[in-house]
Amino acid sequence: QVQLVESGGGLVQAGGSLRLSCAASGRTSSTAFMGWFRQVPGKERDFVAGLSFNGGRTFYADSVKDRFTISRNNEKSALNLQMNNLKPEDTAVYYCAANPGGSTATIRFSGMYKYWGQGTQVTVSS
């Protein structure tokens with residue numbers, strides 16, 4: 001089993017920045033693929049960003065490209081999401097996700113991920 005705990009959410013004004021972190025514990029060898037998703041009430045959970053174990057290739061939703069940066073520290077079993085130039089439409093609960101395997105074709109699909117954190121709220125005011 002893998003436990004994921006997110007932190008770093010909060011309230012920020014439009015144009016501001018936040019840094020989300022996700023700490024993985026347990027069987028961290030099962031976190032080869034990791035990603036961030038977000039969800040607003042009444043809507044599906046959407047892909048935000050993802051990467052593979054070595055972090056050599058990253059993937060972003062078009063809506064956050066050039067504003068968000070995903071990274072991982074394998075020594076600390078941590079996943080980060082640096083969010084700059086935040087917009088009100090970025091308001092959501094952000095979830096960290098991990099899976100033992102995957103591919104570049106499936107990294108954007110929430111159904112691929114076996115492990116999920118409890119989520120952290122990000123609110124961007126206009």
# chains A, B, ... in the order shown; residues from 1 in each chain; ligands from 1
>>> residues_around(residues="A:Val93", least_positions_apart="5", cutoff="10 Å", atoms="only C-alpha atoms", output="list in words")
Gly9, Phe37, Arg38, Gln39, Val40, Pro41, Arg45, Gln118, Gly119, Thr120, Gln121, Val122 and Thr123 of chain A
>>> residues_around(residues="A:Leu20", least_positions_apart="2", cutoff="8 Å", atoms="only C-alpha atoms", output="count of residues only")
10
>>> residues_around(residues="A:Pro88", least_positions_apart="6", cutoff="7 Å", atoms="only C-alpha atoms", output="PyMOL selection string")
chain A and resi 14+124-126
>>> closest_residue(among="A:Asn73, A:Asn54, A:Thr91, A:Thr106", to="A:Val12", atoms="only C-alpha atoms")
A:Thr91
>>> closest_residue(among="A:Phe109, A:Tyr60, A:Tyr115, A:Phe53", to="A:Ala97", atoms="only C-alpha atoms")
A:Tyr115
>>> closest_residue(among="A:Gly117, A:Gly56, A:Gly26, A:Gly42", to="A:Gln1", atoms="only C-alpha atoms")
A:Gly26
>>> atom_distance(atom1="atom CA of A:Lys87", atom2="atom CA of A:Ala105")
28.0 Å
>>> closest_residue(among="A:Asn85, A:Ser110, A:Asn74, A:Asn99", to="A:Ala32", atoms="only C-alpha atoms")
A:Asn99
>>> select_by_dssp(residues="chain A", states="strand (DSSP E or B)", output="MDAnalysis selection string")
chainID A and resid 2:7 10:13 18:26 33:39 46:51 58:60 68:73 78:83 92:99 115:116 120:125
>>> atom_distance(atom1="atom CA of A:Pro100", atom2="atom CA of A:Ala61")
21.7 Å
>>> closest_residue(among="A:Phe47, A:Phe59, A:Phe68, A:Trp36", to="A:Leu4", atoms="only C-alpha atoms")
A:Trp36
>>> closest_residue(among="A:Thr31, A:Ser52, A:Asn84, A:Gln13", to="A:Thr69", atoms="only C-alpha atoms")
A:Asn84
>>> residues_around(residues="A:Ala98", least_positions_apart="5", cutoff="7 Å", atoms="only C-alpha atoms", output="PDB file with all heavy atoms, in the first residue's frame")
ATOM      1  N   THR A  31       5.224   3.797  -6.984  1.00  0.00           N
ATOM      2  CA  THR A  31       4.858   5.155  -7.402  1.00  0.00           C
ATOM      3  C   THR A  31       5.632   5.554  -8.649  1.00  0.00           C
ATOM      4  O   THR A  31       6.104   6.686  -8.775  1.00  0.00           O
ATOM      5  CB  THR A  31       5.120   6.162  -6.271  1.00  0.00           C
ATOM      6  OG1 THR A  31       6.522   6.119  -5.929  1.00  0.00           O
ATOM      7  CG2 THR A  31       4.306   5.847  -5.043  1.00  0.00           C
ATOM      8  N   PHE A  33       4.662   6.128 -11.644  1.00  0.00           N
ATOM      9  CA  PHE A  33       3.998   7.229 -12.319  1.00  0.00           C
ATOM     10  C   PHE A  33       3.224   8.032 -11.285  1.00  0.00           C
ATOM     11  O   PHE A  33       2.497   7.474 -10.461  1.00  0.00           O
ATOM     12  CB  PHE A  33       3.044   6.713 -13.394  1.00  0.00           C
ATOM     13  CG  PHE A  33       3.753   6.337 -14.660  1.00  0.00           C
ATOM     14  CD1 PHE A  33       4.467   5.161 -14.757  1.00  0.00           C
ATOM     15  CD2 PHE A  33       3.715   7.178 -15.769  1.00  0.00           C
ATOM     16  CE1 PHE A  33       5.134   4.808 -15.924  1.00  0.00           C
ATOM     17  CE2 PHE A  33       4.376   6.842 -16.936  1.00  0.00           C
ATOM     18  CZ  PHE A  33       5.083   5.659 -17.017  1.00  0.00           C
ATOM     19  N   MET A  34       3.370   9.335 -11.318  1.00  0.00           N
ATOM     20  CA  MET A  34       2.676  10.202 -10.380  1.00  0.00           C
ATOM     21  C   MET A  34       2.092  11.389 -11.113  1.00  0.00           C
ATOM     22  O   MET A  34       2.601  11.806 -12.161  1.00  0.00           O
ATOM     23  CB  MET A  34       3.617  10.678  -9.269  1.00  0.00           C
ATOM     24  CG  MET A  34       4.180   9.558  -8.420  1.00  0.00           C
ATOM     25  SD  MET A  34       5.039  10.154  -6.950  1.00  0.00           S
ATOM     26  CE  MET A  34       3.644  10.617  -5.896  1.00  0.00           C
ATOM     27  N   GLY A  35       1.034  11.934 -10.540  1.00  0.00           N
ATOM     28  CA  GLY A  35       0.400  13.061 -11.185  1.00  0.00           C
ATOM     29  C   GLY A  35      -0.443  13.877 -10.233  1.00  0.00           C
ATOM     30  O   GLY A  35      -0.669  13.490  -9.088  1.00  0.00           O
ATOM     31  N   TYR A 113      -4.683   5.422 -12.122  1.00  0.00           N
ATOM     32  CA  TYR A 113      -3.999   5.567 -10.843  1.00  0.00           C
ATOM     33  C   TYR A 113      -4.665   4.768  -9.730  1.00  0.00           C
ATOM     34  O   TYR A 113      -5.871   4.865  -9.514  1.00  0.00           O
ATOM     35  CB  TYR A 113      -3.931   7.041 -10.461  1.00  0.00           C
ATOM     36  CG  TYR A 113      -3.091   7.843 -11.415  1.00  0.00           C
ATOM     37  CD1 TYR A 113      -3.642   8.377 -12.584  1.00  0.00           C
ATOM     38  CD2 TYR A 113      -1.742   8.054 -11.175  1.00  0.00           C
ATOM     39  CE1 TYR A 113      -2.864   9.090 -13.473  1.00  0.00           C
ATOM     40  CE2 TYR A 113      -0.963   8.788 -12.059  1.00  0.00           C
ATOM     41  CZ  TYR A 113      -1.534   9.288 -13.209  1.00  0.00           C
ATOM     42  OH  TYR A 113      -0.763  10.006 -14.088  1.00  0.00           O
ATOM     43  N   LYS A 114      -3.846   4.028  -9.028  1.00  0.00           N
ATOM     44  CA  LYS A 114      -4.341   3.165  -7.950  1.00  0.00           C
ATOM     45  C   LYS A 114      -4.395   3.893  -6.612  1.00  0.00           C
ATOM     46  O   LYS A 114      -5.261   3.620  -5.786  1.00  0.00           O
ATOM     47  CB  LYS A 114      -3.427   1.944  -7.825  1.00  0.00           C
ATOM     48  CG  LYS A 114      -3.834   0.938  -6.780  1.00  0.00           C
ATOM     49  CD  LYS A 114      -2.911  -0.284  -6.817  1.00  0.00           C
ATOM     50  CE  LYS A 114      -3.342  -1.318  -5.793  1.00  0.00           C
ATOM     51  NZ  LYS A 114      -2.448  -2.517  -5.831  1.00  0.00           N
ATOM     52  N   TYR A 115      -3.477   4.816  -6.401  1.00  0.00           N
ATOM     53  CA  TYR A 115      -3.367   5.470  -5.093  1.00  0.00           C
ATOM     54  C   TYR A 115      -3.679   6.969  -5.210  1.00  0.00           C
ATOM     55  O   TYR A 115      -3.223   7.630  -6.150  1.00  0.00           O
ATOM     56  CB  TYR A 115      -1.962   5.285  -4.521  1.00  0.00           C
ATOM     57  CG  TYR A 115      -1.555   3.836  -4.401  1.00  0.00           C
ATOM     58  CD1 TYR A 115      -0.617   3.282  -5.266  1.00  0.00           C
ATOM     59  CD2 TYR A 115      -2.123   3.020  -3.430  1.00  0.00           C
ATOM     60  CE1 TYR A 115      -0.247   1.955  -5.156  1.00  0.00           C
ATOM     61  CE2 TYR A 115      -1.763   1.693  -3.318  1.00  0.00           C
ATOM     62  CZ  TYR A 115      -0.835   1.162  -4.187  1.00  0.00           C
ATOM     63  OH  TYR A 115      -0.473  -0.165  -4.082  1.00  0.00           O
ATOM     64  N   TRP A 116      -4.418   7.454  -4.225  1.00  0.00           N
ATOM     65  CA  TRP A 116      -4.828   8.856  -4.216  1.00  0.00           C
ATOM     66  C   TRP A 116      -4.655   9.463  -2.829  1.00  0.00           C
ATOM     67  O   TRP A 116      -4.830   8.774  -1.810  1.00  0.00           O
ATOM     68  CB  TRP A 116      -6.305   8.980  -4.616  1.00  0.00           C
ATOM     69  CG  TRP A 116      -6.556   8.637  -6.034  1.00  0.00           C
ATOM     70  CD1 TRP A 116      -6.789   7.388  -6.558  1.00  0.00           C
ATOM     71  CD2 TRP A 116      -6.568   9.542  -7.142  1.00  0.00           C
ATOM     72  NE1 TRP A 116      -6.951   7.471  -7.911  1.00  0.00           N
ATOM     73  CE2 TRP A 116      -6.830   8.778  -8.298  1.00  0.00           C
ATOM     74  CE3 TRP A 116      -6.393  10.918  -7.282  1.00  0.00           C
ATOM     75  CZ2 TRP A 116      -6.910   9.356  -9.571  1.00  0.00           C
ATOM     76  CZ3 TRP A 116      -6.478  11.485  -8.532  1.00  0.00           C
ATOM     77  CH2 TRP A 116      -6.732  10.705  -9.654  1.00  0.00           C
TER      78      TRP A 116
END
